[in-house]
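Data block below; observations after.
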Amino acid sequence: MASSSPAVPEVSEAPARRGLVRARRAAIMAVPAAAVVAGLAILTAEGALGVQFAISGMPFTVTATELDGTGFEQFGGLDQMAPGSPNEGDTGGQVLVITSAIKNATLTKLCQSVDLGGTNLLITAGGGKDKVEATDLTTDSTELSGDAAFDDIEIGNDAGTLTRAGVKGPSGVFSQQARTVHIGNLRQTNYATTAGVFKLPGLKLGFSSKGC
């Protein structure tokens, strides 16, 4: 007589648990089109914005006597520090930034400095006949000032529809773009910079008691 195998009860899979994404209101800054010191208009947008890499959380200063660019975009975002970073303080490791993207840029007398506490790491370039050149340049800034002028500017775009620099921000976020940008006496407080190509003629790197 053949023995029958006991029935194996079906095991129902527990519903997959999905993590909840906490939405944050991000202040979105835009530079109005005028050949005067750029004023920043603050707007808000809902959502968490992605970052390209984990930032150190140490701000650095960038200055240039002249910046000229073609293909300009700007929108707001959030940068994220590495988990457990000693620089996160009470921010949760997030920094609200203005992302500026330029397809092609030249900078005159570029200076970059990082305050290391008692001394500064100082980088300079483009102080001679050759200017600093960058393609697909993006900067994540918390402060930006200078004497700005734009050609063919559009203010109030949805960041997900930008076309001038080849970068798209999150949909639903306030942004602006222009065919060209000129900023004299540029000064930025940055947390991140990326570029496809970055040419630094006359590069000098060292330590200094003063920053840019």
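Residues are referred to by chain and number: the chain letter is A, B, ... according to the order shown in the structure tokens, the number counts from 1 in that chain, and ligands are numbered separately from 1 in the order shown.
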
Strand (DSSP E) per DSSP on the backbone: members of range 51-168 of chain A, as a ChimeraX atom specification: /A:60-80,94-108,110-115,120-125,132-151,154-158

Contacts of Ser208 in chain A at 7 Å (only C-alpha atoms; same-chain gap of 5+ positions) as a ChimeraX atom specification: /A:119-122

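Distance check against Met58 in chain A using only C-alpha atoms: of A:Ala82, A:Leu96, A:Leu116, A:Leu162, the minimum falls on A:Leu116.
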
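Residues within 7 Å of Gly69 in chain A, counting only C-alpha atoms and excluding same-chain residues fewer than 5 positions away, are Ile102, Asn104, Ala105, Thr106, Thr180, Val181 and His182 of chain A.
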
How about saving the chosen residues, all heavy atoms kept, as a PDB file, in the first residue's frame?
ATOM      1  N   ILE A 102      26.695  74.836 -15.301  1.00  0.00           N
ATOM      2  CA  ILE A 102      27.123  75.604 -16.474  1.00  0.00           C
ATOM      3  C   ILE A 102      27.753  74.631 -17.467  1.00  0.00           C
ATOM      4  O   ILE A 102      28.666  73.879 -17.116  1.00  0.00           O
ATOM      5  CB  ILE A 102      28.130  76.707 -16.096  1.00  0.00           C
ATOM      6  CG1 ILE A 102      27.527  77.635 -15.036  1.00  0.00           C
ATOM      7  CG2 ILE A 102      28.536  77.502 -17.335  1.00  0.00           C
ATOM      8  CD1 ILE A 102      28.500  78.703 -14.544  1.00  0.00           C
ATOM      9  N   ASN A 104      29.593  75.264 -20.282  1.00  0.00           N
ATOM     10  CA  ASN A 104      30.980  75.658 -20.548  1.00  0.00           C
ATOM     11  C   ASN A 104      31.272  76.946 -19.795  1.00  0.00           C
ATOM     12  O   ASN A 104      30.508  77.912 -19.917  1.00  0.00           O
ATOM     13  CB  ASN A 104      31.219  75.872 -22.045  1.00  0.00           C
ATOM     14  CG  ASN A 104      31.039  74.601 -22.853  1.00  0.00           C
ATOM     15  OD1 ASN A 104      31.870  73.709 -22.815  1.00  0.00           O
ATOM     16  ND2 ASN A 104      29.937  74.519 -23.581  1.00  0.00           N
ATOM     17  N   ALA A 105      32.379  76.971 -19.044  1.00  0.00           N
ATOM     18  CA  ALA A 105      32.684  78.136 -18.209  1.00  0.00           C
ATOM     19  C   ALA A 105      34.165  78.473 -18.266  1.00  0.00           C
ATOM     20  O   ALA A 105      35.018  77.584 -18.412  1.00  0.00           O
ATOM     21  CB  ALA A 105      32.281  77.876 -16.758  1.00  0.00           C
ATOM     22  N   THR A 106      34.454  79.769 -18.165  1.00  0.00           N
ATOM     23  CA  THR A 106      35.824  80.234 -17.958  1.00  0.00           C
ATOM     24  C   THR A 106      35.838  81.112 -16.723  1.00  0.00           C
ATOM     25  O   THR A 106      34.887  81.861 -16.470  1.00  0.00           O
ATOM     26  CB  THR A 106      36.359  81.039 -19.165  1.00  0.00           C
ATOM     27  OG1 THR A 106      35.530  82.184 -19.384  1.00  0.00           O
ATOM     28  CG2 THR A 106      36.375  80.184 -20.415  1.00  0.00           C
ATOM     29  N   THR A 180      23.375  82.507 -21.525  1.00  0.00           N
ATOM     30  CA  THR A 180      24.719  82.868 -21.054  1.00  0.00           C
ATOM     31  C   THR A 180      24.623  83.483 -19.663  1.00  0.00           C
ATOM     32  O   THR A 180      23.570  83.998 -19.256  1.00  0.00           O
ATOM     33  CB  THR A 180      25.415  83.880 -21.987  1.00  0.00           C
ATOM     34  OG1 THR A 180      24.751  85.146 -21.895  1.00  0.00           O
ATOM     35  CG2 THR A 180      25.425  83.394 -23.430  1.00  0.00           C
ATOM     36  N   VAL A 181      25.746  83.441 -18.946  1.00  0.00           N
ATOM     37  CA  VAL A 181      25.838  84.068 -17.634  1.00  0.00           C
ATOM     38  C   VAL A 181      27.208  84.737 -17.512  1.00  0.00           C
ATOM     39  O   VAL A 181      28.214  84.218 -17.996  1.00  0.00           O
ATOM     40  CB  VAL A 181      25.644  83.037 -16.493  1.00  0.00           C
ATOM     41  CG1 VAL A 181      26.669  81.903 -16.598  1.00  0.00           C
ATOM     42  CG2 VAL A 181      25.731  83.710 -15.129  1.00  0.00           C
ATOM     43  N   HIS A 182      27.213  85.916 -16.912  1.00  0.00           N
ATOM     44  CA  HIS A 182      28.464  86.611 -16.563  1.00  0.00           C
ATOM     45  C   HIS A 182      28.342  87.061 -15.113  1.00  0.00           C
ATOM     46  O   HIS A 182      27.343  87.691 -14.728  1.00  0.00           O
ATOM     47  CB  HIS A 182      28.707  87.830 -17.447  1.00  0.00           C
ATOM     48  CG  HIS A 182      29.837  88.691 -16.957  1.00  0.00           C
ATOM     49  ND1 HIS A 182      31.158  88.420 -17.246  1.00  0.00           N
ATOM     50  CD2 HIS A 182      29.840  89.795 -16.151  1.00  0.00           C
ATOM     51  CE1 HIS A 182      31.921  89.318 -16.651  1.00  0.00           C
ATOM     52  NE2 HIS A 182      31.148  90.173 -15.986  1.00  0.00           N
TER      53      HIS A 182
END

Shell around Gly93 in chain A at 12 Å using only C-alpha atoms, local window under 4 positions removed, as an NGL selection string: :A and (54-58 or 78-89)

List as an mmCIF file with N, CA, C and O atoms, in the first residue's frame the protein and nucleic acid residues near Gln188 in chain A, meaning an atom at most 9 Å away when only C-alpha atoms are counted, but skip any in the same chain fewer than 5 places from it.
data_model
loop_
_atom_site.group_PDB
_atom_site.id
_atom_site.type_symbol
_atom_site.label_atom_id
_atom_site.label_comp_id
_atom_site.auth_asym_id
_atom_site.auth_seq_id
_atom_site.Cartn_x
_atom_site.Cartn_y
_atom_site.Cartn_z
ATOM 1 N N PHE A 60 33.773 75.248 1.658
ATOM 2 C CA PHE A 60 34.973 75.885 1.118
ATOM 3 C C PHE A 60 34.568 77.114 0.323
ATOM 4 O O PHE A 60 33.477 77.167 -0.252
ATOM 5 N N THR A 61 35.453 78.090 0.325
ATOM 6 C CA THR A 61 35.195 79.369 -0.356
ATOM 7 C C THR A 61 35.797 79.347 -1.748
ATOM 8 O O THR A 61 36.928 78.878 -1.936
ATOM 9 N N VAL A 62 35.053 79.846 -2.730
ATOM 10 C CA VAL A 62 35.544 79.982 -4.103
ATOM 11 C C VAL A 62 35.311 81.418 -4.546
ATOM 12 O O VAL A 62 34.208 81.960 -4.378
ATOM 13 N N THR A 63 36.348 82.054 -5.091
ATOM 14 C CA THR A 63 36.210 83.397 -5.643
ATOM 15 C C THR A 63 36.819 83.435 -7.040
ATOM 16 O O THR A 63 37.679 82.619 -7.392
ATOM 17 N N SER A 141 26.085 75.308 -3.508
ATOM 18 C CA SER A 141 26.465 76.456 -2.696
ATOM 19 C C SER A 141 25.401 76.773 -1.653
ATOM 20 O O SER A 141 24.217 76.503 -1.853
ATOM 21 N N THR A 142 25.844 77.357 -0.547
ATOM 22 C CA THR A 142 24.905 77.910 0.428
ATOM 23 C C THR A 142 24.876 79.430 0.348
ATOM 24 O O THR A 142 23.932 80.054 0.826
ATOM 25 N N GLU A 143 25.898 80.040 -0.260
ATOM 26 C CA GLU A 143 25.923 81.482 -0.478
ATOM 27 C C GLU A 143 26.577 81.771 -1.825
ATOM 28 O O GLU A 143 27.539 81.088 -2.216
ATOM 29 N N LEU A 144 26.054 82.774 -2.527
ATOM 30 C CA LEU A 144 26.613 83.192 -3.804
ATOM 31 C C LEU A 144 26.386 84.681 -3.953
ATOM 32 O O LEU A 144 25.274 85.175 -3.725
ATOM 33 N N SER A 145 27.435 85.422 -4.339
ATOM 34 C CA SER A 145 27.281 86.858 -4.572
ATOM 35 C C SER A 145 28.178 87.273 -5.724
ATOM 36 O O SER A 145 29.140 86.579 -6.086
ATOM 37 N N GLY A 146 27.853 88.420 -6.316
ATOM 38 C CA GLY A 146 28.635 88.950 -7.422
ATOM 39 C C GLY A 146 27.798 89.914 -8.233
ATOM 40 O O GLY A 146 26.649 90.210 -7.896
#

Proximity to Glu66 in chain A - best of A:Ile153, A:Val197, A:Leu186, A:Ala165, only C-alpha atoms: A:Leu186

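A straight line drawn from CA of Phe150 in chain A to CA of Arg179 in chain A is 7.4 Å long.
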
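Reported to one decimal place, the separation of CA of Leu137 in chain A from CA of Val167 in chain A is 10.1 Å.
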
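Residues within 7 Å of Asp140 in chain A, counting only C-alpha atoms and excluding same-chain residues fewer than 5 positions away, are Val97, Ile98, Thr99, Ser100, Asn190, Tyr191, Ala192 and Thr193 of chain A.
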
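Considering the residues A:Lys168, A:Thr189, A:Ile123, A:Lys129 and counting only C-alpha atoms, Pro59 in chain A has its shortest atom-to-atom contact with A:Thr189.
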